[in-house]
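Engineer: Sharing upload_17.cif here; it has mmCIF, C-alpha atoms.
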data_protein
loop_
_atom_site.label_atom_id
_atom_site.label_comp_id
_atom_site.auth_asym_id
_atom_site.auth_seq_id
_atom_site.Cartn_x
_atom_site.Cartn_y
_atom_site.Cartn_z
CA MET A 1 -13.25 7.94 3.93
CA ILE A 2 -12.27 11.50 3.31
CA GLN A 3 -14.79 14.22 3.89
CA GLY A 4 -15.73 16.07 0.72
CA ILE A 5 -14.23 13.75 -1.88
CA PRO A 6 -16.65 11.32 -3.53
CA ILE A 7 -15.42 7.88 -4.52
CA TYR A 8 -15.89 8.73 -8.20
CA HIS A 9 -12.98 11.15 -8.22
CA PHE A 10 -10.56 8.48 -7.10
CA LEU A 11 -11.94 6.07 -9.67
CA VAL A 12 -11.60 8.63 -12.46
CA VAL A 13 -7.94 9.12 -11.57
CA SER A 14 -7.22 5.40 -11.58
CA THR A 15 -9.17 4.81 -14.81
CA VAL A 16 -7.36 7.55 -16.70
CA MET A 17 -4.02 6.27 -15.39
CA PHE A 18 -4.86 2.72 -16.49
CA PHE A 19 -5.66 3.79 -20.03
CA ILE A 20 -2.59 6.00 -20.25
CA GLY A 21 -0.63 2.85 -19.45
CA VAL A 22 -2.49 0.85 -22.12
CA CYS A 23 -1.93 3.61 -24.69
CA GLY A 24 1.78 3.71 -23.89
CA PHE A 25 2.03 -0.04 -24.15
CA ILE A 26 0.65 0.19 -27.66
CA ILE A 27 2.62 3.15 -28.99
CA ARG A 28 6.07 2.63 -27.44
CA ARG A 29 8.56 0.32 -29.08
CA ASN A 30 11.18 -0.05 -26.37
CA LEU A 31 11.10 -3.00 -23.97
CA ILE A 32 11.95 -1.00 -20.86
CA THR A 33 9.38 1.67 -21.65
CA MET A 34 6.76 -1.02 -22.12
CA LEU A 35 7.72 -2.41 -18.73
CA MET A 36 7.19 1.02 -17.21
CA CYS A 37 3.73 1.16 -18.78
CA ILE A 38 2.91 -2.17 -17.14
CA GLU A 39 3.95 -0.64 -13.83
CA LEU A 40 1.51 2.21 -14.44
CA ILE A 41 -1.30 -0.26 -15.09
CA LEU A 42 -0.56 -2.27 -11.93
CA ASN A 43 -0.39 0.92 -9.91
CA SER A 44 -3.79 2.14 -11.06
CA VAL A 45 -5.32 -1.21 -10.14
CA ASN A 46 -3.77 -0.88 -6.69
CA ILE A 47 -5.42 2.51 -6.23
CA ASN A 48 -8.76 0.93 -7.14
CA PHE A 49 -8.39 -1.83 -4.57
CA VAL A 50 -7.42 0.55 -1.80
CA VAL A 51 -10.20 3.02 -2.53
CA PHE A 52 -12.89 0.35 -2.65
CA ASN A 53 -11.63 -1.01 0.64
CA ARG A 54 -11.64 2.37 2.34
CA TYR A 55 -14.92 3.68 0.97
CA LEU A 56 -17.16 0.63 0.69
CA TYR A 57 -15.86 -1.92 3.22
CA PRO A 58 -14.06 0.14 5.82
CA ASP A 59 -14.13 -2.50 8.54
CA GLN A 60 -12.28 -5.12 6.50
CA LEU A 61 -8.83 -5.36 5.02
CA GLN A 62 -9.22 -7.38 1.82
CA GLY A 63 -8.25 -4.64 -0.61
CA HIS A 64 -5.30 -3.74 1.55
CA PHE A 65 -3.90 -7.27 1.38
CA PHE A 66 -4.54 -7.62 -2.33
CA THR A 67 -2.55 -4.44 -2.90
CA LEU A 68 0.22 -5.75 -0.70
CA PHE A 69 0.45 -8.98 -2.70
CA ILE A 70 0.26 -7.18 -6.03
CA VAL A 71 3.24 -5.05 -4.99
CA GLY A 72 5.20 -8.20 -4.16
CA ILE A 73 4.29 -9.87 -7.44
CA ALA A 74 5.24 -6.71 -9.35
CA ALA A 75 8.68 -6.81 -7.75
CA ALA A 76 9.17 -10.44 -8.84
CA GLU A 77 7.90 -9.68 -12.33
CA VAL A 78 10.20 -6.71 -12.79
CA SER A 79 13.28 -8.63 -11.67
CA VAL A 80 12.65 -11.46 -14.13
CA ALA A 81 11.73 -9.06 -16.95
CA ILE A 82 14.91 -7.07 -16.47
CA ALA A 83 17.00 -10.23 -16.49
CA LEU A 84 15.38 -11.18 -19.80
CA ILE A 85 15.93 -7.69 -21.23
CA ILE A 86 19.61 -7.76 -20.31
CA ASN A 87 19.96 -11.19 -21.89
CA ILE A 88 18.25 -9.96 -25.07
CA TYR A 89 20.54 -6.94 -25.15
CA ARG A 90 23.55 -9.23 -24.90
CA ARG A 91 22.47 -11.17 -27.97
CA PHE A 92 21.02 -8.47 -30.20
CA SER A 93 22.71 -5.29 -28.88
CA ASN A 94 19.44 -3.40 -28.74
CA ILE A 95 16.06 -3.65 -27.07
CA GLU A 96 13.73 -2.26 -29.71
CA VAL A 97 10.95 -4.76 -30.33
CA GLU A 98 10.93 -4.07 -34.06
CA LYS A 99 14.50 -5.26 -34.44
CA ILE A 100 14.22 -8.41 -32.37
CA ASN A 101 12.55 -10.61 -34.92
CA GLU A 102 14.25 -13.97 -34.75
CA LEU A 103 13.44 -16.48 -32.09
CA LYS A 104 16.20 -19.04 -32.60
CA PHE A 105 19.27 -18.93 -34.74
CA MET B 1 -11.88 23.65 0.66
CA THR B 2 -10.07 21.80 3.39
CA LEU B 3 -6.48 20.74 3.30
CA ASN B 4 -7.37 17.10 2.59
CA VAL B 5 -9.37 17.97 -0.48
CA PHE B 6 -6.69 20.31 -1.74
CA MET B 7 -4.02 17.64 -1.24
CA PHE B 8 -6.14 15.08 -3.07
CA TYR B 9 -6.48 17.25 -6.15
CA LEU B 10 -2.82 18.21 -6.05
CA LEU B 11 -1.75 14.56 -5.86
CA SER B 12 -4.14 13.48 -8.61
CA ALA B 13 -2.94 16.24 -10.90
CA THR B 14 0.66 15.19 -10.21
CA ILE B 15 -0.13 11.56 -10.94
CA LEU B 16 -1.96 12.24 -14.19
CA VAL B 17 0.52 14.79 -15.57
CA PHE B 18 3.53 12.64 -14.80
CA SER B 19 1.96 9.47 -16.17
CA VAL B 20 1.29 11.26 -19.46
CA LEU B 21 4.90 12.45 -19.43
CA THR B 22 6.12 8.89 -18.72
CA VAL B 23 4.39 7.65 -21.81
CA THR B 24 5.29 10.54 -24.13
CA SER B 25 8.82 11.44 -23.07
CA ARG B 26 11.40 10.76 -25.73
CA LYS B 27 14.33 10.30 -23.37
CA ILE B 28 14.13 7.02 -21.54
CA LEU B 29 15.88 8.08 -18.33
CA ARG B 30 13.49 10.99 -17.96
CA ALA B 31 10.58 8.60 -18.42
CA ALA B 32 11.90 6.54 -15.50
CA VAL B 33 12.16 9.61 -13.28
CA TYR B 34 8.60 10.65 -14.21
CA LEU B 35 7.48 7.15 -13.27
CA LEU B 36 9.12 7.68 -9.88
CA PHE B 37 7.00 10.80 -9.36
CA VAL B 38 3.85 8.88 -10.28
CA LEU B 39 4.65 6.21 -7.70
CA ILE B 40 5.38 8.76 -4.99
CA GLY B 41 2.08 10.49 -5.74
CA THR B 42 0.31 7.16 -5.34
CA ALA B 43 1.97 6.69 -1.97
CA GLY B 44 0.63 10.12 -1.06
CA LEU B 45 -2.88 8.97 -1.93
CA TYR B 46 -2.45 5.98 0.38
CA PHE B 47 -1.35 8.30 3.17
CA LEU B 48 -4.45 10.39 2.49
CA LEU B 49 -6.64 7.31 2.86
CA ASN B 50 -5.01 6.45 6.22
CA TYR B 51 -3.18 3.33 5.06
CA GLU B 52 0.23 4.23 6.40
CA PHE B 53 1.72 0.76 6.16
CA LEU B 54 0.69 0.42 2.53
CA ALA B 55 2.18 3.81 1.72
CA ALA B 56 5.44 2.78 3.37
CA VAL B 57 5.49 -0.46 1.37
CA GLN B 58 4.77 1.47 -1.81
CA LEU B 59 7.60 3.90 -1.15
CA ALA B 60 10.07 1.20 -0.19
CA ILE B 61 9.37 -1.40 -2.87
CA TYR B 62 8.09 0.58 -5.83
CA ALA B 63 9.89 3.89 -5.49
CA GLY B 64 12.96 2.46 -3.80
CA GLY B 65 13.35 -0.90 -5.46
CA ILE B 66 11.64 -1.18 -8.81
CA VAL B 67 12.54 2.26 -10.14
CA ILE B 68 16.16 1.74 -9.14
CA LEU B 69 16.18 -1.60 -10.97
CA ILE B 70 14.67 0.02 -14.06
CA ILE B 71 17.22 2.83 -13.98
CA PHE B 72 20.06 0.33 -13.65
CA SER B 73 18.85 -1.62 -16.64
CA ILE B 74 18.43 1.59 -18.65
CA LEU B 75 22.03 2.50 -17.88
CA LEU B 76 23.15 -0.98 -18.93
CA THR B 77 21.24 -1.11 -22.19
CA SER B 78 20.79 2.40 -23.60
CA HIS B 79 22.76 5.51 -24.35
CA ILE B 80 21.78 8.40 -22.14
CA SER B 81 21.65 10.93 -24.94
CA HIS B 82 19.65 8.70 -27.24
CA LYS B 83 16.29 10.14 -28.23
CA PHE B 84 13.49 8.00 -29.56
CA LYS B 85 11.97 8.61 -32.90
CA HIS B 86 8.41 9.79 -32.94
CA PRO B 87 6.07 6.81 -32.99
CA ALA B 88 4.49 5.88 -36.26
CA LEU B 89 1.28 7.71 -36.95
CA ALA B 90 -0.80 4.54 -37.27
CA ASN B 91 0.46 3.32 -33.91
CA PHE B 92 -0.24 6.64 -32.28
CA VAL B 93 -3.74 6.90 -33.65
CA MET B 94 -4.48 3.31 -32.69
CA GLY B 95 -3.21 3.78 -29.14
CA ALA B 96 -5.10 7.01 -28.60
CA PHE B 97 -8.24 5.48 -30.05
CA VAL B 98 -8.07 2.44 -27.77
CA ALA B 99 -7.37 4.61 -24.74
CA LEU B 100 -10.19 7.06 -25.43
CA LEU B 101 -12.70 4.35 -26.24
CA GLY B 102 -11.78 2.26 -23.22
CA SER B 103 -11.80 5.12 -20.76
CA GLY B 104 -15.09 6.38 -22.20
CA ILE B 105 -16.77 3.01 -21.68
CA VAL B 106 -15.32 2.53 -18.21
CA LEU B 107 -16.20 6.05 -17.03
CA TYR B 108 -19.73 5.73 -18.42
CA THR B 109 -20.24 2.47 -16.53
CA LEU B 110 -18.68 3.93 -13.41
CA PHE B 111 -20.87 6.98 -13.19
CA ASN B 112 -24.01 4.91 -13.73
CA HIS B 113 -23.20 2.55 -10.89
CA PRO B 114 -24.49 3.45 -7.43
CA PHE B 115 -21.83 2.56 -4.94
CA GLN B 116 -23.13 1.88 -1.47
CA ARG B 117 -21.17 1.33 1.65
CA VAL B 118 -21.30 -1.94 3.53
CA GLY B 119 -20.08 -1.85 7.08
CA GLU B 120 -19.45 1.02 9.40
CA SER B 121 -16.49 3.34 9.18
CA GLY B 122 -14.40 4.81 11.90
CA LYS B 123 -12.14 1.82 12.35
CA VAL B 124 -8.45 2.62 12.32
CA THR B 125 -6.23 0.04 10.67
CA ASP B 126 -3.27 -0.34 12.94
CA MET B 127 -0.22 -2.50 12.51
CA ASN B 128 -1.44 -5.12 15.01
CA MET B 129 -4.55 -5.82 12.97
CA ILE B 130 -2.61 -6.10 9.73
CA GLY B 131 -0.05 -8.48 11.20
CA ASN B 132 -2.61 -10.68 12.91
CA GLN B 133 -4.76 -11.02 9.84
CA LEU B 134 -1.80 -11.62 7.56
CA MET B 135 -0.62 -14.57 9.62
CA SER B 136 -3.91 -16.04 10.76
CA LEU B 137 -5.50 -19.29 9.60
CA ASP B 138 -9.06 -18.13 10.18
CA LYS B 139 -11.72 -17.11 7.71
CA ASN B 140 -10.14 -13.81 6.73
CA GLY B 141 -6.57 -14.96 7.19
CA TYR B 142 -3.96 -14.60 4.50
CA VAL B 143 -1.28 -17.04 5.60
CA LEU B 144 -1.45 -19.19 2.44
CA PRO B 145 -0.85 -16.35 -0.06
CA PHE B 146 1.80 -15.03 2.25
CA GLU B 147 3.74 -18.30 2.11
CA LEU B 148 3.10 -18.70 -1.62
CA ILE B 149 4.48 -15.28 -2.38
CA SER B 150 7.64 -16.07 -0.47
CA ILE B 151 8.15 -19.12 -2.70
CA LEU B 152 7.37 -16.99 -5.76
CA LEU B 153 9.95 -14.40 -4.76
CA LEU B 154 12.57 -17.11 -4.21
CA ALA B 155 11.79 -18.64 -7.61
CA ALA B 156 11.95 -15.23 -9.29
CA MET B 157 15.30 -14.51 -7.67
CA VAL B 158 16.78 -17.83 -8.82
CA ALA B 159 15.34 -17.38 -12.30
CA ALA B 160 16.68 -13.85 -12.64
CA ILE B 161 20.17 -14.93 -11.60
CA ILE B 162 20.19 -17.90 -13.99
CA ILE B 163 18.81 -15.94 -16.94
CA ALA B 164 21.13 -12.96 -16.58
CA LYS B 165 24.20 -15.04 -15.73
CA LYS B 166 27.07 -14.61 -18.10
CA GLY B 167 28.60 -17.51 -19.94
CA ASN B 168 25.82 -20.07 -20.09
CA HIS B 169 25.89 -19.70 -23.85
CA LYS B 170 28.43 -18.57 -26.37
CA THR B 171 28.18 -14.86 -26.93
CA GLU B 172 27.57 -14.17 -30.57
CA GLU B 173 28.82 -10.94 -32.01
CA SER B 174 26.17 -9.55 -34.30
#
Can the structure in the file be given as structure tokens, please?
Structural biologist:
Amino acid sequence: MIQGIPIYHFLVVSTVMFFIGVCGFIIRRNLITMLMCIELILNSVNINFVVFNRYLYPDQLQGHFFTLFIVGIAAAEVSVAIALIINIYRRFSNIEVEKINELKF
Amino acid sequence: MTLNVFMFYLLSATILVFSVLTVTSRKILRAAVYLLFVLIGTAGLYFLLNYEFLAAVQLAIYAGGIVILIIFSILLTSHISHKFKHPALANFVMGAFVALLGSGIVLYTLFNHPFQRVGESGKVTDMNMIGNQLMSLDKNGYVLPFELISILLLAAMVAAIIIAKKGNHKTEES
């Protein structure tokens, strides 16, 4: 708990960051940029977990561990996603989602 | 205004400005670097909340690992000087609408909810506590997710190598 900062300010930051990520996921048309927006979303959820743990349940560690596991899962997700993106690039020579419109050929 | 409060507002402003820039930047490498600043700002927030281990993990895995991976894949798949077209107007309006509506609803719910603290504060989370609880089999132990995530990471590593391996299919020139 930090003196002088209410919990709402943290939650406003993480909420705005989450919806910036959602907005970017909708308007961008590049696979890597969409991946970066997913990272933004995961990161804002992590801030939420940590802040709830520190402000509401300061004698436990649940939010801390959830954040730890989310970071690990994000690493796994990014590695697989980038492997897929590189494979798609090898077949189609670009990674714009509008131009990748055939599933099997 | 104490130093903590000042640092909190500085870090939040950094995070919000750079996340907007990540989404709106038209050069993809710059977007990746802005994302790096967002992640470092988040690590700063964790330091501010006294979770040093979590901040170190955030810096090492997110800022050190994931951003580097993303930058590598950008260099493999895009031209540096390539600039994106502006997004279509319908897309832009739709995205902004969803974001504004969603954040409005969530913020309204948030400010109407009285948060109350359970449990006393003043406990310092040190490394001993984290390690013991992570590996314990008791009520609040996390040994099962810990082992599961190790298997998940192994599976992801094998899958990434197999998917990105060259020569498991004929390369079509298109």
Engineer: Under the PyMOL selection byres ((chain A) within 6 of (chain B)), which residues of this model are included? Write them out as a PyMOL selection string.
Structural biologist: chain A and resi 19+23-24+26-27+56-58+76+80+83+87
Engineer: Which neighbours of A:Leu68 fall inside 9 Å, counting only C-alpha atoms, when residues of the same chain fewer than 3 positions from it are skipped, and could you give them as a CSV table (one decimal) with C-alpha atoms, in the frame of the given file?
Structural biologist:
chain,number,residue,atom,x,y,z
A,46,ASN,CA,-3.8,-0.9,-6.7
A,63,GLY,CA,-8.2,-4.6,-0.6
A,64,HIS,CA,-5.3,-3.7,1.6
A,65,PHE,CA,-3.9,-7.3,1.4
A,71,VAL,CA,3.2,-5.0,-5.0
A,72,GLY,CA,5.2,-8.2,-4.2
A,73,ILE,CA,4.3,-9.9,-7.4
B,54,LEU,CA,0.7,0.4,2.5
B,57,VAL,CA,5.5,-0.5,1.4
B,58,GLN,CA,4.8,1.5,-1.8
Engineer: What does the distance between atom CA of B:Tyr108 and atom CA of A:Asn43 come to in Å, to one decimal place?
Structural biologist: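 These two atoms are separated by 21.7 Å.
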Engineer: To one decimal in Å, tell me the separation between atom CA of A:Ile41 and atom CA of A:Ile20.
Structural biologist: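 Between atom CA of A:Ile41 and atom CA of A:Ile20 the gap works out to 8.2 Å.
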Engineer: Go ahead and compute the interatomic distance for atom CA of B:Leu144 and atom CA of A:Phe69, in Å to one decimal.
Structural biologist: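 Between atom CA of B:Leu144 and atom CA of A:Phe69 the gap is 11.6 Å.
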Engineer: Go through B:Phe37, B:Thr14, B:Lys83, B:Gly64 one by one, measure the shortest atom-to-atom distance of each to A:Asn30 using only C-alpha atoms, and give the residue with the smallest value.
Structural biologist: B:Lys83
Engineer: Give the answer as one residue: which of A:Ile5, A:Val50, A:Leu40, A:Leu31 has the shortest atom-to-atom distance to A:Phe18, using all atoms listed in the file?
Structural biologist: A:Leu40
Engineer: Point out the residue among A:Val22, A:Met36, A:Gln62, A:Val12 with the least atom-to-atom distance to B:Lys139, counting only C-alpha atoms.
Structural biologist: A:Gln62
Engineer: Which is closest to B:Ala55 among A:Ile38, A:Ala74, A:Ile86, A:Ile47, if we use all atoms listed in the file?
Structural biologist: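 Selected residue with least distance to B:Ala55: A:Ile47.
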Engineer: Of the residues A:Leu11, A:Arg28, A:Leu35, A:Thr67, which is the one nearest to A:Leu84, using all atoms listed in the file?
Structural biologist: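 So, comparing all the options, the nearest one is A:Leu35.
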Engineer: Could you tell me which of A:Val51, A:Val16, A:Ala75, A:Leu103 comes closest to A:Ile88 if we count all atoms listed in the file?
Structural biologist: A:Leu103
Engineer: I'd like the box whose edges run along x, y and z of the file and which contains every listed atom of stretch 153-162 of chain B, padded by 3 Å per side; could you state its centre and edge lengths in Å, one decimal, as AutoDock Vina command-line options?
Structural biologist:
--center_x 15.1 --center_y -16.2 --center_z -9.1 --size_x 16.2 --size_y 10.8 --size_z 15.8
Engineer: Some atoms are absent from stretch 143-157 of chain B, so rebuild N, CA and C atoms and return them as an mmCIF file, keeping the file's coordinate frame.
Structural biologist:
data_model
loop_
_atom_site.group_PDB
_atom_site.id
_atom_site.type_symbol
_atom_site.label_atom_id
_atom_site.label_comp_id
_atom_site.auth_asym_id
_atom_site.auth_seq_id
_atom_site.Cartn_x
_atom_site.Cartn_y
_atom_site.Cartn_z
ATOM 1 N N VAL B 143 -2.572 -16.406 5.395
ATOM 2 C CA VAL B 143 -1.280 -17.040 5.600
ATOM 3 C C VAL B 143 -0.859 -17.827 4.362
ATOM 4 N N LEU B 144 -1.819 -18.392 3.620
ATOM 5 C CA LEU B 144 -1.450 -19.190 2.440
ATOM 6 C C LEU B 144 -0.862 -18.334 1.326
ATOM 7 N N PRO B 145 -1.512 -17.212 0.930
ATOM 8 C CA PRO B 145 -0.850 -16.350 -0.060
ATOM 9 C C PRO B 145 0.470 -15.787 0.416
ATOM 10 N N PHE B 146 0.546 -15.562 1.710
ATOM 11 C CA PHE B 146 1.800 -15.030 2.250
ATOM 12 C C PHE B 146 2.944 -16.009 2.027
ATOM 13 N N GLU B 147 2.686 -17.300 2.320
ATOM 14 C CA GLU B 147 3.740 -18.300 2.110
ATOM 15 C C GLU B 147 3.999 -18.500 0.629
ATOM 16 N N LEU B 148 2.926 -18.490 -0.181
ATOM 17 C CA LEU B 148 3.100 -18.700 -1.620
ATOM 18 C C LEU B 148 3.953 -17.600 -2.232
ATOM 19 N N ILE B 149 3.732 -16.364 -1.756
ATOM 20 C CA ILE B 149 4.480 -15.280 -2.380
ATOM 21 C C ILE B 149 5.943 -15.336 -1.975
ATOM 22 N N SER B 150 6.222 -15.922 -0.817
ATOM 23 C CA SER B 150 7.640 -16.070 -0.470
ATOM 24 C C SER B 150 8.303 -17.056 -1.418
ATOM 25 N N ILE B 151 7.583 -18.161 -1.745
ATOM 26 C CA ILE B 151 8.150 -19.120 -2.700
ATOM 27 C C ILE B 151 8.303 -18.472 -4.069
ATOM 28 N N LEU B 152 7.308 -17.666 -4.453
ATOM 29 C CA LEU B 152 7.370 -16.990 -5.760
ATOM 30 C C LEU B 152 8.569 -16.068 -5.835
ATOM 31 N N LEU B 153 8.810 -15.331 -4.744
ATOM 32 C CA LEU B 153 9.950 -14.400 -4.760
ATOM 33 C C LEU B 153 11.257 -15.162 -4.846
ATOM 34 N N LEU B 154 11.347 -16.306 -4.136
ATOM 35 C CA LEU B 154 12.570 -17.110 -4.210
ATOM 36 C C LEU B 154 12.782 -17.616 -5.630
ATOM 37 N N ALA B 155 11.685 -18.120 -6.245
ATOM 38 C CA ALA B 155 11.790 -18.640 -7.610
ATOM 39 C C ALA B 155 12.193 -17.539 -8.571
ATOM 40 N N ALA B 156 11.611 -16.339 -8.395
ATOM 41 C CA ALA B 156 11.950 -15.230 -9.290
ATOM 42 C C ALA B 156 13.409 -14.841 -9.143
ATOM 43 N N MET B 157 13.898 -14.874 -7.893
ATOM 44 C CA MET B 157 15.300 -14.510 -7.670
ATOM 45 C C MET B 157 16.230 -15.491 -8.360
#
